[in-house]
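Engineer: Sending over work.pdb (PDB, C-alpha atoms (C1' of nucleotides)).
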```
ATOM      1  CA  MET A   1     -15.820-108.129  96.678
ATOM      2  CA  GLY A   2     -12.955-108.727  98.971
ATOM      3  CA  ALA A   3     -14.568-111.432 101.036
ATOM      4  CA  THR A   4     -13.561-115.033 100.546
ATOM      5  CA  LYS A   5     -16.217-117.088  98.790
ATOM      6  CA  THR A   6     -16.304-119.802 101.392
ATOM      7  CA  GLU A   7     -19.656-121.210 100.300
ATOM      8  CA  HIS A   8     -18.253-122.455  97.035
ATOM      9  CA  PHE A   9     -15.777-124.861  98.540
ATOM     10  CA  THR A  10     -16.105-128.119 100.417
ATOM     11  CA  ASP A  11     -16.073-128.268 104.208
ATOM     12  CA  GLN A  12     -12.818-130.161 104.052
ATOM     13  CA  GLN A  13     -11.222-127.482 101.931
ATOM     14  CA  ASN A  14     -12.467-124.717 104.165
ATOM     15  CA  GLN A  15     -11.298-126.573 107.232
ATOM     16  CA  MET A  16      -7.829-127.046 105.825
ATOM     17  CA  ALA A  17      -7.686-123.408 104.757
ATOM     18  CA  THR A  18      -8.709-122.308 108.243
ATOM     19  CA  LEU A  19      -5.945-124.317 109.875
ATOM     20  CA  ALA A  20      -3.367-123.173 107.353
ATOM     21  CA  LYS A  21      -4.436-119.563 107.582
ATOM     22  CA  ALA A  22      -4.032-119.630 111.344
ATOM     23  CA  LEU A  23      -0.446-120.728 110.845
ATOM     24  CA  GLY A  24       0.045-118.184 108.101
ATOM     25  CA  HIS A  25       1.732-115.649 110.334
ATOM     26  CA  PRO A  26       5.228-116.003 111.794
ATOM     27  CA  ALA A  27       4.102-114.833 115.232
ATOM     28  CA  ARG A  28       1.593-117.647 115.379
ATOM     29  CA  VAL A  29       4.154-120.167 114.197
ATOM     30  CA  ALA A  30       6.443-118.869 116.936
ATOM     31  CA  ILE A  31       3.685-119.227 119.503
ATOM     32  CA  MET A  32       3.087-122.835 118.510
ATOM     33  CA  GLU A  33       6.780-123.580 118.702
ATOM     34  CA  HIS A  34       7.036-121.942 122.083
ATOM     35  CA  LEU A  35       4.104-123.940 123.419
ATOM     36  CA  LEU A  36       5.814-127.057 122.176
ATOM     37  CA  LYS A  37       9.195-126.223 123.652
ATOM     38  CA  VAL A  38       8.041-125.297 127.113
ATOM     39  CA  ASN A  39       7.351-128.619 128.669
ATOM     40  CA  ALA A  40       3.976-128.057 130.195
ATOM     41  CA  CYS A  41       1.586-125.778 128.413
ATOM     42  CA  ILE A  42       2.952-122.636 129.941
ATOM     43  CA  CYS A  43       0.766-119.602 130.163
ATOM     44  CA  GLY A  44       0.848-116.117 128.832
ATOM     45  CA  ASP A  45       4.502-115.394 129.310
ATOM     46  CA  ILE A  46       4.355-115.914 125.601
ATOM     47  CA  VAL A  47       4.180-112.169 125.550
ATOM     48  CA  ASN A  48       7.714-111.983 126.943
ATOM     49  CA  GLU A  49       8.978-114.308 124.264
ATOM     50  CA  LEU A  50       7.551-112.368 121.370
ATOM     51  CA  PRO A  51       8.460-108.931 120.021
ATOM     52  CA  LEU A  52       4.851-107.872 120.084
ATOM     53  CA  ALA A  53       2.626-106.016 122.487
ATOM     54  CA  GLN A  54       0.310-107.884 124.812
ATOM     55  CA  PRO A  55      -2.926-107.073 122.979
ATOM     56  CA  THR A  56      -1.390-108.250 119.732
ATOM     57  CA  VAL A  57      -0.308-111.547 121.227
ATOM     58  CA  SER A  58      -3.715-111.980 122.795
ATOM     59  CA  GLN A  59      -5.276-111.532 119.398
ATOM     60  CA  HIS A  60      -2.980-114.080 117.788
ATOM     61  CA  LEU A  61      -3.798-116.545 120.534
ATOM     62  CA  LYS A  62      -7.460-115.995 119.878
ATOM     63  CA  GLU A  63      -7.018-116.795 116.234
ATOM     64  CA  LEU A  64      -5.104-119.967 116.962
ATOM     65  CA  LYS A  65      -7.847-120.937 119.367
ATOM     66  CA  ASN A  66     -10.633-120.174 116.909
ATOM     67  CA  ALA A  67      -8.949-122.330 114.326
ATOM     68  CA  GLY A  68      -8.766-125.145 116.857
ATOM     69  CA  LEU A  69      -4.983-125.305 116.977
ATOM     70  CA  ILE A  70      -4.703-124.526 120.665
ATOM     71  CA  LYS A  71      -6.819-124.878 123.764
ATOM     72  CA  GLY A  72      -6.937-122.508 126.715
ATOM     73  CA  ASN A  73      -7.633-123.439 130.309
ATOM     74  CA  ILE A  74      -8.300-120.819 132.920
ATOM     75  CA  GLU A  75      -6.141-121.425 135.977
ATOM     76  CA  GLY A  76      -7.053-118.833 138.466
ATOM     77  CA  ASN A  77      -5.385-115.639 137.495
ATOM     78  CA  THR A  78      -3.678-117.137 134.559
ATOM     79  CA  ILE A  79      -4.564-118.918 131.355
ATOM     80  CA  CYS A  80      -2.881-122.092 130.330
ATOM     81  CA  TYR A  81      -2.642-122.517 126.604
ATOM     82  CA  CYS A  82      -1.556-125.636 124.864
ATOM     83  CA  ILE A  83      -1.518-127.230 121.466
ATOM     84  CA  ASP A  84      -4.503-129.278 120.402
ATOM     85  CA  GLU A  85      -2.957-132.473 119.196
ATOM     86  CA  LYS A  86      -5.894-133.400 117.013
ATOM     87  CA  ALA A  87      -5.490-130.386 114.777
ATOM     88  CA  ILE A  88      -1.835-131.131 114.274
ATOM     89  CA  GLN A  89      -2.712-134.686 113.368
ATOM     90  CA  VAL A  90      -5.167-133.453 110.783
ATOM     91  CA  LEU A  91      -2.417-131.375 109.223
ATOM     92  CA  LYS A  92       0.126-134.161 109.427
ATOM     93  CA  ASN A  93      -2.217-136.648 107.790
ATOM     94  CA  TYR A  94      -3.214-134.232 105.070
ATOM     95  CA  PHE A  95       0.345-133.580 103.970
ATOM     96  CA  SER A  96       1.380-137.189 104.416
ATOM     97  CA  ASP A  97      -1.407-138.261 102.097
ATOM     98  CA  LEU A  98      -0.558-135.533  99.642
ATOM     99  CA  CYS A  99       3.040-136.637  99.692
ATOM    100  CA  SER A 100       2.350-140.289  99.086
ATOM    101  CA  VAL A 101       0.013-139.566  96.205
ATOM    102  CA  LEU A 102       2.712-137.361  94.723
ATOM    103  CA  GLU A 103       5.294-140.097  95.019
ATOM    104  CA  GLN A 104       3.117-142.512  93.108
ATOM    105  CA  LYS A 105       2.701-140.195  90.177
ATOM    106  CA  ASN A 106       5.770-138.992  88.405
ATOM    107  CA  ASN A 107       5.346-135.306  88.158
ATOM    108  CA  CYS A 108       5.968-133.785  84.782
ATOM    109  CA  CYS A 109       7.470-130.407  85.644
TER     110      CYS A 109
ATOM    111  CA  MET B   1       0.917-100.693 111.647
ATOM    112  CA  GLY B   2      -0.861-103.324 109.643
ATOM    113  CA  ALA B   3       2.265-104.870 108.211
ATOM    114  CA  THR B   4       3.608-108.129 109.560
ATOM    115  CA  LYS B   5       6.820-107.737 111.542
ATOM    116  CA  THR B   6       8.729-110.344 109.596
ATOM    117  CA  GLU B   7      12.157-109.194 110.748
ATOM    118  CA  HIS B   8      11.504-110.316 114.281
ATOM    119  CA  PHE B   9      11.087-113.963 113.480
ATOM    120  CA  THR B  10      13.423-116.689 112.332
ATOM    121  CA  ASP B  11      13.784-117.638 108.680
ATOM    122  CA  GLN B  12      12.300-121.009 109.473
ATOM    123  CA  GLN B  13       9.269-119.446 111.077
ATOM    124  CA  ASN B  14       8.787-117.038 108.220
ATOM    125  CA  GLN B  15       9.176-119.838 105.718
ATOM    126  CA  MET B  16       6.580-121.981 107.436
ATOM    127  CA  ALA B  17       4.223-119.019 107.711
ATOM    128  CA  THR B  18       4.634-118.312 104.009
ATOM    129  CA  LEU B  19       3.740-121.864 103.049
ATOM    130  CA  ALA B  20       0.822-121.981 105.446
ATOM    131  CA  LYS B  21      -0.459-118.608 104.373
ATOM    132  CA  ALA B  22      -0.473-119.706 100.758
ATOM    133  CA  LEU B  23      -2.713-122.606 101.731
ATOM    134  CA  GLY B  24      -4.834-120.335 103.882
ATOM    135  CA  HIS B  25      -7.510-119.876 101.278
ATOM    136  CA  PRO B  26      -9.977-122.553 100.193
ATOM    137  CA  ALA B  27      -9.522-121.710  96.518
ATOM    138  CA  ARG B  28      -5.834-122.426  96.796
ATOM    139  CA  VAL B  29      -6.461-125.641  98.673
ATOM    140  CA  ALA B  30      -8.864-126.583  95.891
ATOM    141  CA  ILE B  31      -6.259-125.758  93.258
ATOM    142  CA  MET B  32      -3.704-127.966  94.973
ATOM    143  CA  GLU B  33      -6.193-130.806  95.199
ATOM    144  CA  HIS B  34      -7.125-130.408  91.570
ATOM    145  CA  LEU B  35      -3.502-130.469  90.509
ATOM    146  CA  LEU B  36      -3.084-133.644  92.501
ATOM    147  CA  LYS B  37      -6.182-135.341  91.134
ATOM    148  CA  VAL B  38      -5.580-134.678  87.483
ATOM    149  CA  ASN B  39      -2.920-137.141  86.614
ATOM    150  CA  ALA B  40      -0.484-134.983  84.747
ATOM    151  CA  CYS B  41      -0.054-131.418  85.868
ATOM    152  CA  ILE B  42      -2.908-130.116  83.815
ATOM    153  CA  CYS B  43      -2.944-126.518  82.775
ATOM    154  CA  GLY B  44      -5.209-123.606  83.272
ATOM    155  CA  ASP B  45      -8.512-125.373  82.949
ATOM    156  CA  ILE B  46      -8.359-124.917  86.673
ATOM    157  CA  VAL B  47     -10.460-121.891  85.899
ATOM    158  CA  ASN B  48     -13.276-124.158  84.771
ATOM    159  CA  GLU B  49     -13.087-126.144  87.965
ATOM    160  CA  LEU B  50     -13.331-123.182  90.271
ATOM    161  CA  PRO B  51     -16.199-120.793  90.930
ATOM    162  CA  LEU B  52     -13.948-117.820  90.358
ATOM    163  CA  ALA B  53     -13.124-115.570  87.457
ATOM    164  CA  GLN B  54      -9.988-116.121  85.425
ATOM    165  CA  PRO B  55      -8.013-113.174  86.811
ATOM    166  CA  THR B  56      -8.763-114.298  90.336
ATOM    167  CA  VAL B  57      -7.554-117.809  89.648
ATOM    168  CA  SER B  58      -4.462-116.437  87.973
ATOM    169  CA  GLN B  59      -3.736-114.415  91.083
ATOM    170  CA  HIS B  60      -4.158-117.422  93.356
ATOM    171  CA  LEU B  61      -1.826-119.427  91.143
ATOM    172  CA  LYS B  62       0.727-116.669  91.413
ATOM    173  CA  GLU B  63       0.585-116.781  95.172
ATOM    174  CA  LEU B  64       0.996-120.527  95.280
ATOM    175  CA  LYS B  65       3.934-120.155  92.946
ATOM    176  CA  ASN B  66       5.541-117.374  94.982
ATOM    177  CA  ALA B  67       5.282-119.496  98.089
ATOM    178  CA  GLY B  68       6.998-122.315  96.227
ATOM    179  CA  LEU B  69       4.081-124.716  96.395
ATOM    180  CA  ILE B  70       3.667-125.076  92.659
ATOM    181  CA  LYS B  71       5.792-124.740  89.563
ATOM    182  CA  GLY B  72       4.680-123.464  86.182
ATOM    183  CA  ASN B  73       6.031-124.530  82.806
ATOM    184  CA  ILE B  74       5.185-122.658  79.654
ATOM    185  CA  GLU B  75       4.014-125.069  76.958
ATOM    186  CA  GLY B  76       3.337-123.047  73.869
ATOM    187  CA  ASN B  77       0.033-121.368  74.285
ATOM    188  CA  THR B  78      -0.587-122.903  77.592
ATOM    189  CA  ILE B  79       0.963-123.112  81.040
ATOM    190  CA  CYS B  80       1.464-126.371  82.852
ATOM    191  CA  TYR B  81       1.246-126.039  86.601
ATOM    192  CA  CYS B  82       2.160-128.713  89.039
ATOM    193  CA  ILE B  83       2.809-129.256  92.711
ATOM    194  CA  ASP B  84       6.345-128.810  93.951
ATOM    195  CA  GLU B  85       6.924-131.962  95.927
ATOM    196  CA  LYS B  86       9.673-130.445  98.040
ATOM    197  CA  ALA B  87       7.381-127.869  99.590
ATOM    198  CA  ILE B  88       4.861-130.536 100.526
ATOM    199  CA  GLN B  89       7.625-132.555 102.096
ATOM    200  CA  VAL B  90       8.673-129.577 104.173
ATOM    201  CA  LEU B  91       5.116-129.292 105.436
ATOM    202  CA  LYS B  92       4.770-133.011 106.018
ATOM    203  CA  ASN B  93       8.014-133.166 107.993
ATOM    204  CA  TYR B  94       7.172-130.126 110.030
ATOM    205  CA  PHE B  95       3.863-131.516 111.220
ATOM    206  CA  SER B  96       5.226-135.021 111.652
ATOM    207  CA  ASP B  97       7.924-133.676 113.926
ATOM    208  CA  LEU B  98       5.448-131.560 115.806
ATOM    209  CA  CYS B  99       3.236-134.579 116.254
ATOM    210  CA  SER B 100       5.940-136.845 117.585
ATOM    211  CA  VAL B 101       7.157-134.261 120.057
ATOM    212  CA  LEU B 102       3.581-133.874 121.223
ATOM    213  CA  GLU B 103       3.174-137.599 121.707
ATOM    214  CA  GLN B 104       6.223-137.735 123.948
ATOM    215  CA  LYS B 105       4.946-135.075 126.282
ATOM    216  CA  ASN B 106       1.634-135.596 127.964
ATOM    217  CA  ASN B 107      -0.290-132.466 127.387
ATOM    218  CA  CYS B 108      -1.935-130.936 130.406
ATOM    219  CA  CYS B 109      -5.081-129.379 128.955
TER     220      CYS B 109
ATOM    221  C1'  DA C   1      -1.431-110.729  58.309
ATOM    222  C1'  DA C   2      -5.868-111.155  60.913
ATOM    223  C1'  DC C   3      -8.043-113.664  64.374
ATOM    224  C1'  DA C   4      -8.679-116.685  68.319
ATOM    225  C1'  DT C   5      -7.064-118.631  72.630
ATOM    226  C1'  DT C   6      -4.647-118.659  76.863
ATOM    227  C1'  DT C   7      -2.698-116.423  80.619
ATOM    228  C1'  DA C   8      -0.990-112.264  83.067
ATOM    229  C1'  DT C   9      -1.382-107.635  84.647
ATOM    230  C1'  DC C  10      -3.655-103.205  85.929
ATOM    231  C1'  DG C  11      -6.847-100.693  88.440
ATOM    232  C1'  DT C  12     -10.109-100.480  91.794
ATOM    233  C1'  DA C  13     -13.767-101.525  95.280
ATOM    234  C1'  DA C  14     -14.880-104.300  99.244
ATOM    235  C1'  DT C  15     -13.217-106.534 103.030
ATOM    236  C1'  DA C  16      -9.786-108.578 106.275
ATOM    237  C1'  DT C  17      -5.572-108.528 108.929
ATOM    238  C1'  DT C  18      -2.017-106.533 111.806
ATOM    239  C1'  DG C  19      -0.533-103.889 115.553
ATOM    240  C1'  DC C  20      -1.132-101.239 119.541
ATOM    241  C1'  DG C  21      -2.708 -97.718 123.096
ATOM    242  C1'  DA C  22      -6.382 -97.290 126.184
ATOM    243  C1'  DT C  23      -9.427 -99.591 128.889
ATOM    244  C1'  DA C  24     -12.207-103.358 130.788
ATOM    245  C1'  DT C  25     -12.352-107.781 133.221
ATOM    246  C1'  DT C  26     -11.091-111.181 136.392
ATOM    247  C1'  DA C  27      -8.961-113.196 140.210
ATOM    248  C1'  DA C  28      -5.186-113.432 143.372
ATOM    249  C1'  DA C  29      -2.588-110.784 147.058
ATOM    250  C1'  DA C  30      -1.977-107.446 150.543
TER     251       DA C  30
ATOM    252  C1'  DT D   1     -11.507-103.804 150.357
ATOM    253  C1'  DT D   2      -7.896-101.753 147.841
ATOM    254  C1'  DT D   3      -4.169-102.992 145.035
ATOM    255  C1'  DT D   4      -1.763-105.730 141.819
ATOM    256  C1'  DA D   5      -1.228-108.918 138.003
ATOM    257  C1'  DA D   6      -2.798-111.360 133.931
ATOM    258  C1'  DT D   7      -5.798-111.369 129.899
ATOM    259  C1'  DA D   8      -9.231-109.750 126.914
ATOM    260  C1'  DT D   9     -11.666-106.335 124.353
ATOM    261  C1'  DC D  10     -12.397-101.809 121.957
ATOM    262  C1'  DG D  11     -11.258 -98.593 118.628
ATOM    263  C1'  DC D  12      -8.503 -97.056 115.224
ATOM    264  C1'  DA D  13      -4.775 -96.429 111.685
ATOM    265  C1'  DA D  14      -1.890 -98.760 108.359
ATOM    266  C1'  DT D  15      -1.597-102.309 105.309
ATOM    267  C1'  DA D  16      -2.862-106.633 102.888
ATOM    268  C1'  DT D  17      -6.059-109.702 100.615
ATOM    269  C1'  DT D  18      -9.844-110.945  97.619
ATOM    270  C1'  DA D  19     -12.370-110.506  93.553
ATOM    271  C1'  DC D  20     -13.152-109.054  89.022
ATOM    272  C1'  DG D  21     -13.760-106.169  84.665
ATOM    273  C1'  DA D  22     -10.887-104.313  81.277
ATOM    274  C1'  DT D  23      -6.942-104.868  78.881
ATOM    275  C1'  DA D  24      -2.309-106.415  77.605
ATOM    276  C1'  DA D  25       0.957-110.054  76.023
ATOM    277  C1'  DA D  26       2.108-114.158  73.842
ATOM    278  C1'  DT D  27       1.378-117.838  70.954
ATOM    279  C1'  DG D  28      -1.224-120.799  67.944
ATOM    280  C1'  DT D  29      -4.523-121.045  63.883
ATOM    281  C1'  DT D  30      -6.455-119.762  59.531
TER     282       DT D  30
END
```
Take the structure in the file and give it back as structure tokens.
Structural biologist:
Amino acid sequence: MGATKTEHFTDQQNQMATLAKALGHPARVAIMEHLLKVNACICGDIVNELPLAQPTVSQHLKELKNAGLIKGNIEGNTICYCIDEKAIQVLKNYFSDLCSVLEQKNNCC
Amino acid sequence: MGATKTEHFTDQQNQMATLAKALGHPARVAIMEHLLKVNACICGDIVNELPLAQPTVSQHLKELKNAGLIKGNIEGNTICYCIDEKAIQVLKNYFSDLCSVLEQKNNCC
DNA sequence: AACATTTATCGTAATATTGCGATATTAAAA
DNA sequence: TTTTAATATCGCAATATTACGATAAATGTT
């Protein structure tokens, strides 16, 4: 026990959980927001922006990348990370749909 | 080590991470979807819908509740859970905003 | 009152995450 | 080619999550 029972859920549910989980840590939210703020998809000076050590940031970036929320391009010495718009659209659509279904039904509680 | 360094991030970032984290498990995504599908905010027959034992489901419900994603009303013997619309709106707005900022900038990668 | 039903909590084992120092890897710069 | 800079990976300790059996708590039913 201890491991998530992924097999029992739909691909859609697992996919949504993966995206949400990746954003389920304030450092990773901060990274996303930083990538958004800095006009181009500025590189690994993310480390300077965050109160975390370089290996820790690197690990968080990896998780965001694995979840498909960001992309990384090698640019010589440096790596250029940026947000993957598609993933954000998936999230946006999911919650938009949820919201509009909710508005149609009058919730009891 | 091992504990998230919450203090170092903004309230907004922590709040978003909390909501996302709560949805970061397929069982909890499934619970949300079930609550949405069943017209009223049907009670704990969620257990029958999920491939998990009752205590496990109860724990997941607690986490969704702590994050503010659902509300629970005691109805005699039973408890009536339903989605908290406000939390979903927060999520919807967050990703909508993110999306529109992204559309304005042309991403490099 | 005794029993059944529904949900929560406790305790615990298995596993995952978080954070970081040390170290490897890679490519630019000197 | 040696040095420097930017990232990634390894290994480990601390902590958190997941799952569930056993049991408690609360309320309805008989």
Engineer: Should the cut-off be 7 Å, what would the residue list for chain D against chain A look like, counting only C-alpha atoms (C1' of nucleotides), as a PyMOL selection string?
Structural biologist: chain D and resi 6+18-19
Engineer: So which residues touch DA24 in chain D within 10 Å, counting all atoms listed in the file, skipping near sequence neighbours fewer than 5 positions away, as a PyMOL selection string?
Structural biologist: chain C and resi 8-10
Engineer: Expand the PyMOL selection byres ((chain B and resi 74) around 12) into the individual residues it matches in the shown file, reporting them as JSON, numbers by chain.
Structural biologist: {"A": [109], "B": [41, 42, 43, 44, 71, 72, 73, 75, 76, 77, 78, 79, 80, 81, 82], "C": [6, 7], "D": [26, 27]}
Engineer: If you apply the PyMOL selection byres ((chain D and resi 30) around 12) to this file, what residues do you get, as a PDB file with C-alpha atoms (C1' of nucleotides), in the coordinates of the input?
Structural biologist:
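The resulting file, selection_37.pdb, is reproduced below:
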```pdb
ATOM      1  C1'  DA C   1      -1.431-110.729  58.309  1.00  0.00           C
ATOM      2  C1'  DA C   2      -5.868-111.155  60.913  1.00  0.00           C
ATOM      3  C1'  DC C   3      -8.043-113.664  64.374  1.00  0.00           C
ATOM      4  C1'  DA C   4      -8.679-116.685  68.319  1.00  0.00           C
TER       5       DA C   4
ATOM      6  C1'  DG D  28      -1.224-120.799  67.944  1.00  0.00           C
ATOM      7  C1'  DT D  29      -4.523-121.045  63.883  1.00  0.00           C
TER       8       DT D  29
END
```
Engineer: After a least-squares superposition on chain A using every in-order C-alpha pair, I'd like chain B written out as a PDB file with C-alpha atoms, in the coordinates of the input.
Structural biologist:
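That gives us selection-v5.pdb:
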```
ATOM      1  CA  MET B   1     -15.737-108.126  96.758  1.00  0.00           C
ATOM      2  CA  GLY B   2     -12.888-108.663  99.145  1.00  0.00           C
ATOM      3  CA  ALA B   3     -14.559-111.422 101.097  1.00  0.00           C
ATOM      4  CA  THR B   4     -13.581-115.030 100.577  1.00  0.00           C
ATOM      5  CA  LYS B   5     -16.234-117.075  98.795  1.00  0.00           C
ATOM      6  CA  THR B   6     -16.336-119.814 101.386  1.00  0.00           C
ATOM      7  CA  GLU B   7     -19.676-121.225 100.266  1.00  0.00           C
ATOM      8  CA  HIS B   8     -18.228-122.456  97.017  1.00  0.00           C
ATOM      9  CA  PHE B   9     -15.769-124.850  98.547  1.00  0.00           C
ATOM     10  CA  THR B  10     -16.083-128.107 100.418  1.00  0.00           C
ATOM     11  CA  ASP B  11     -16.066-128.274 104.205  1.00  0.00           C
ATOM     12  CA  GLN B  12     -12.807-130.157 104.046  1.00  0.00           C
ATOM     13  CA  GLN B  13     -11.209-127.478 101.930  1.00  0.00           C
ATOM     14  CA  ASN B  14     -12.473-124.720 104.163  1.00  0.00           C
ATOM     15  CA  GLN B  15     -11.288-126.579 107.227  1.00  0.00           C
ATOM     16  CA  MET B  16      -7.810-127.045 105.824  1.00  0.00           C
ATOM     17  CA  ALA B  17      -7.684-123.407 104.752  1.00  0.00           C
ATOM     18  CA  THR B  18      -8.702-122.315 108.237  1.00  0.00           C
ATOM     19  CA  LEU B  19      -5.931-124.316 109.867  1.00  0.00           C
ATOM     20  CA  ALA B  20      -3.361-123.172 107.346  1.00  0.00           C
ATOM     21  CA  LYS B  21      -4.437-119.572 107.577  1.00  0.00           C
ATOM     22  CA  ALA B  22      -4.029-119.637 111.333  1.00  0.00           C
ATOM     23  CA  LEU B  23      -0.435-120.742 110.843  1.00  0.00           C
ATOM     24  CA  GLY B  24       0.052-118.180 108.108  1.00  0.00           C
ATOM     25  CA  HIS B  25       1.723-115.666 110.353  1.00  0.00           C
ATOM     26  CA  PRO B  26       5.215-116.022 111.804  1.00  0.00           C
ATOM     27  CA  ALA B  27       4.082-114.858 115.237  1.00  0.00           C
ATOM     28  CA  ARG B  28       1.589-117.678 115.386  1.00  0.00           C
ATOM     29  CA  VAL B  29       4.150-120.186 114.200  1.00  0.00           C
ATOM     30  CA  ALA B  30       6.430-118.878 116.938  1.00  0.00           C
ATOM     31  CA  ILE B  31       3.668-119.238 119.515  1.00  0.00           C
ATOM     32  CA  MET B  32       3.077-122.839 118.501  1.00  0.00           C
ATOM     33  CA  GLU B  33       6.779-123.589 118.709  1.00  0.00           C
ATOM     34  CA  HIS B  34       7.022-121.947 122.091  1.00  0.00           C
ATOM     35  CA  LEU B  35       4.092-123.937 123.400  1.00  0.00           C
ATOM     36  CA  LEU B  36       5.804-127.064 122.169  1.00  0.00           C
ATOM     37  CA  LYS B  37       9.192-126.226 123.639  1.00  0.00           C
ATOM     38  CA  VAL B  38       8.051-125.293 127.098  1.00  0.00           C
ATOM     39  CA  ASN B  39       7.342-128.601 128.664  1.00  0.00           C
ATOM     40  CA  ALA B  40       3.972-127.995 130.197  1.00  0.00           C
ATOM     41  CA  CYS B  41       1.575-125.741 128.374  1.00  0.00           C
ATOM     42  CA  ILE B  42       2.923-122.588 129.889  1.00  0.00           C
ATOM     43  CA  CYS B  43       0.722-119.567 130.129  1.00  0.00           C
ATOM     44  CA  GLY B  44       0.821-116.070 128.858  1.00  0.00           C
ATOM     45  CA  ASP B  45       4.490-115.386 129.312  1.00  0.00           C
ATOM     46  CA  ILE B  46       4.364-115.923 125.598  1.00  0.00           C
ATOM     47  CA  VAL B  47       4.171-112.164 125.552  1.00  0.00           C
ATOM     48  CA  ASN B  48       7.694-111.985 126.932  1.00  0.00           C
ATOM     49  CA  GLU B  49       8.963-114.315 124.259  1.00  0.00           C
ATOM     50  CA  LEU B  50       7.550-112.376 121.362  1.00  0.00           C
ATOM     51  CA  PRO B  51       8.455-108.956 120.001  1.00  0.00           C
ATOM     52  CA  LEU B  52       4.838-107.887 120.085  1.00  0.00           C
ATOM     53  CA  ALA B  53       2.623-106.023 122.490  1.00  0.00           C
ATOM     54  CA  GLN B  54       0.305-107.892 124.814  1.00  0.00           C
ATOM     55  CA  PRO B  55      -2.935-107.097 122.976  1.00  0.00           C
ATOM     56  CA  THR B  56      -1.409-108.269 119.729  1.00  0.00           C
ATOM     57  CA  VAL B  57      -0.320-111.556 121.237  1.00  0.00           C
ATOM     58  CA  SER B  58      -3.729-111.990 122.799  1.00  0.00           C
ATOM     59  CA  GLN B  59      -5.294-111.530 119.390  1.00  0.00           C
ATOM     60  CA  HIS B  60      -2.993-114.084 117.788  1.00  0.00           C
ATOM     61  CA  LEU B  61      -3.812-116.554 120.542  1.00  0.00           C
ATOM     62  CA  LYS B  62      -7.480-116.013 119.873  1.00  0.00           C
ATOM     63  CA  GLU B  63      -7.028-116.818 116.225  1.00  0.00           C
ATOM     64  CA  LEU B  64      -5.105-119.978 116.951  1.00  0.00           C
ATOM     65  CA  LYS B  65      -7.840-120.951 119.358  1.00  0.00           C
ATOM     66  CA  ASN B  66     -10.640-120.203 116.896  1.00  0.00           C
ATOM     67  CA  ALA B  67      -8.938-122.350 114.304  1.00  0.00           C
ATOM     68  CA  GLY B  68      -8.753-125.155 116.845  1.00  0.00           C
ATOM     69  CA  LEU B  69      -4.976-125.297 116.984  1.00  0.00           C
ATOM     70  CA  ILE B  70      -4.700-124.528 120.671  1.00  0.00           C
ATOM     71  CA  LYS B  71      -6.820-124.879 123.769  1.00  0.00           C
ATOM     72  CA  GLY B  72      -6.942-122.505 126.709  1.00  0.00           C
ATOM     73  CA  ASN B  73      -7.625-123.414 130.324  1.00  0.00           C
ATOM     74  CA  ILE B  74      -8.299-120.788 132.932  1.00  0.00           C
ATOM     75  CA  GLU B  75      -6.116-121.371 135.990  1.00  0.00           C
ATOM     76  CA  GLY B  76      -7.010-118.744 138.517  1.00  0.00           C
ATOM     77  CA  ASN B  77      -5.350-115.559 137.514  1.00  0.00           C
ATOM     78  CA  THR B  78      -3.697-117.080 134.576  1.00  0.00           C
ATOM     79  CA  ILE B  79      -4.559-118.907 131.374  1.00  0.00           C
ATOM     80  CA  CYS B  80      -2.876-122.110 130.342  1.00  0.00           C
ATOM     81  CA  TYR B  81      -2.630-122.525 126.603  1.00  0.00           C
ATOM     82  CA  CYS B  82      -1.582-125.658 124.866  1.00  0.00           C
ATOM     83  CA  ILE B  83      -1.509-127.251 121.452  1.00  0.00           C
ATOM     84  CA  ASP B  84      -4.507-129.290 120.405  1.00  0.00           C
ATOM     85  CA  GLU B  85      -2.938-132.492 119.196  1.00  0.00           C
ATOM     86  CA  LYS B  86      -5.887-133.419 117.012  1.00  0.00           C
ATOM     87  CA  ALA B  87      -5.489-130.390 114.785  1.00  0.00           C
ATOM     88  CA  ILE B  88      -1.815-131.140 114.261  1.00  0.00           C
ATOM     89  CA  GLN B  89      -2.697-134.689 113.364  1.00  0.00           C
ATOM     90  CA  VAL B  90      -5.166-133.463 110.779  1.00  0.00           C
ATOM     91  CA  LEU B  91      -2.408-131.383 109.231  1.00  0.00           C
ATOM     92  CA  LYS B  92       0.137-134.171 109.434  1.00  0.00           C
ATOM     93  CA  ASN B  93      -2.215-136.655 107.778  1.00  0.00           C
ATOM     94  CA  TYR B  94      -3.217-134.241 105.083  1.00  0.00           C
ATOM     95  CA  PHE B  95       0.341-133.587 103.981  1.00  0.00           C
ATOM     96  CA  SER B  96       1.384-137.200 104.409  1.00  0.00           C
ATOM     97  CA  ASP B  97      -1.409-138.265 102.101  1.00  0.00           C
ATOM     98  CA  LEU B  98      -0.566-135.551  99.638  1.00  0.00           C
ATOM     99  CA  CYS B  99       3.039-136.652  99.687  1.00  0.00           C
ATOM    100  CA  SER B 100       2.336-140.305  99.071  1.00  0.00           C
ATOM    101  CA  VAL B 101      -0.004-139.569  96.198  1.00  0.00           C
ATOM    102  CA  LEU B 102       2.701-137.378  94.721  1.00  0.00           C
ATOM    103  CA  GLU B 103       5.291-140.113  95.016  1.00  0.00           C
ATOM    104  CA  GLN B 104       3.103-142.523  93.083  1.00  0.00           C
ATOM    105  CA  LYS B 105       2.697-140.205  90.148  1.00  0.00           C
ATOM    106  CA  ASN B 106       5.772-138.983  88.381  1.00  0.00           C
ATOM    107  CA  ASN B 107       5.390-135.292  88.134  1.00  0.00           C
ATOM    108  CA  CYS B 108       6.004-133.772  84.747  1.00  0.00           C
ATOM    109  CA  CYS B 109       7.476-130.376  85.600  1.00  0.00           C
TER     110      CYS B 109
END
```
Engineer: For the provided coordinates, the residues matched by the PyMOL selection byres ((chain C) within 9 of (chain A)) should be stated as a list in words.
Structural biologist: DA13, DA14, DT15, DA16, DT18, DG19, DC20, DT26, DA27 and DA28 of chain C
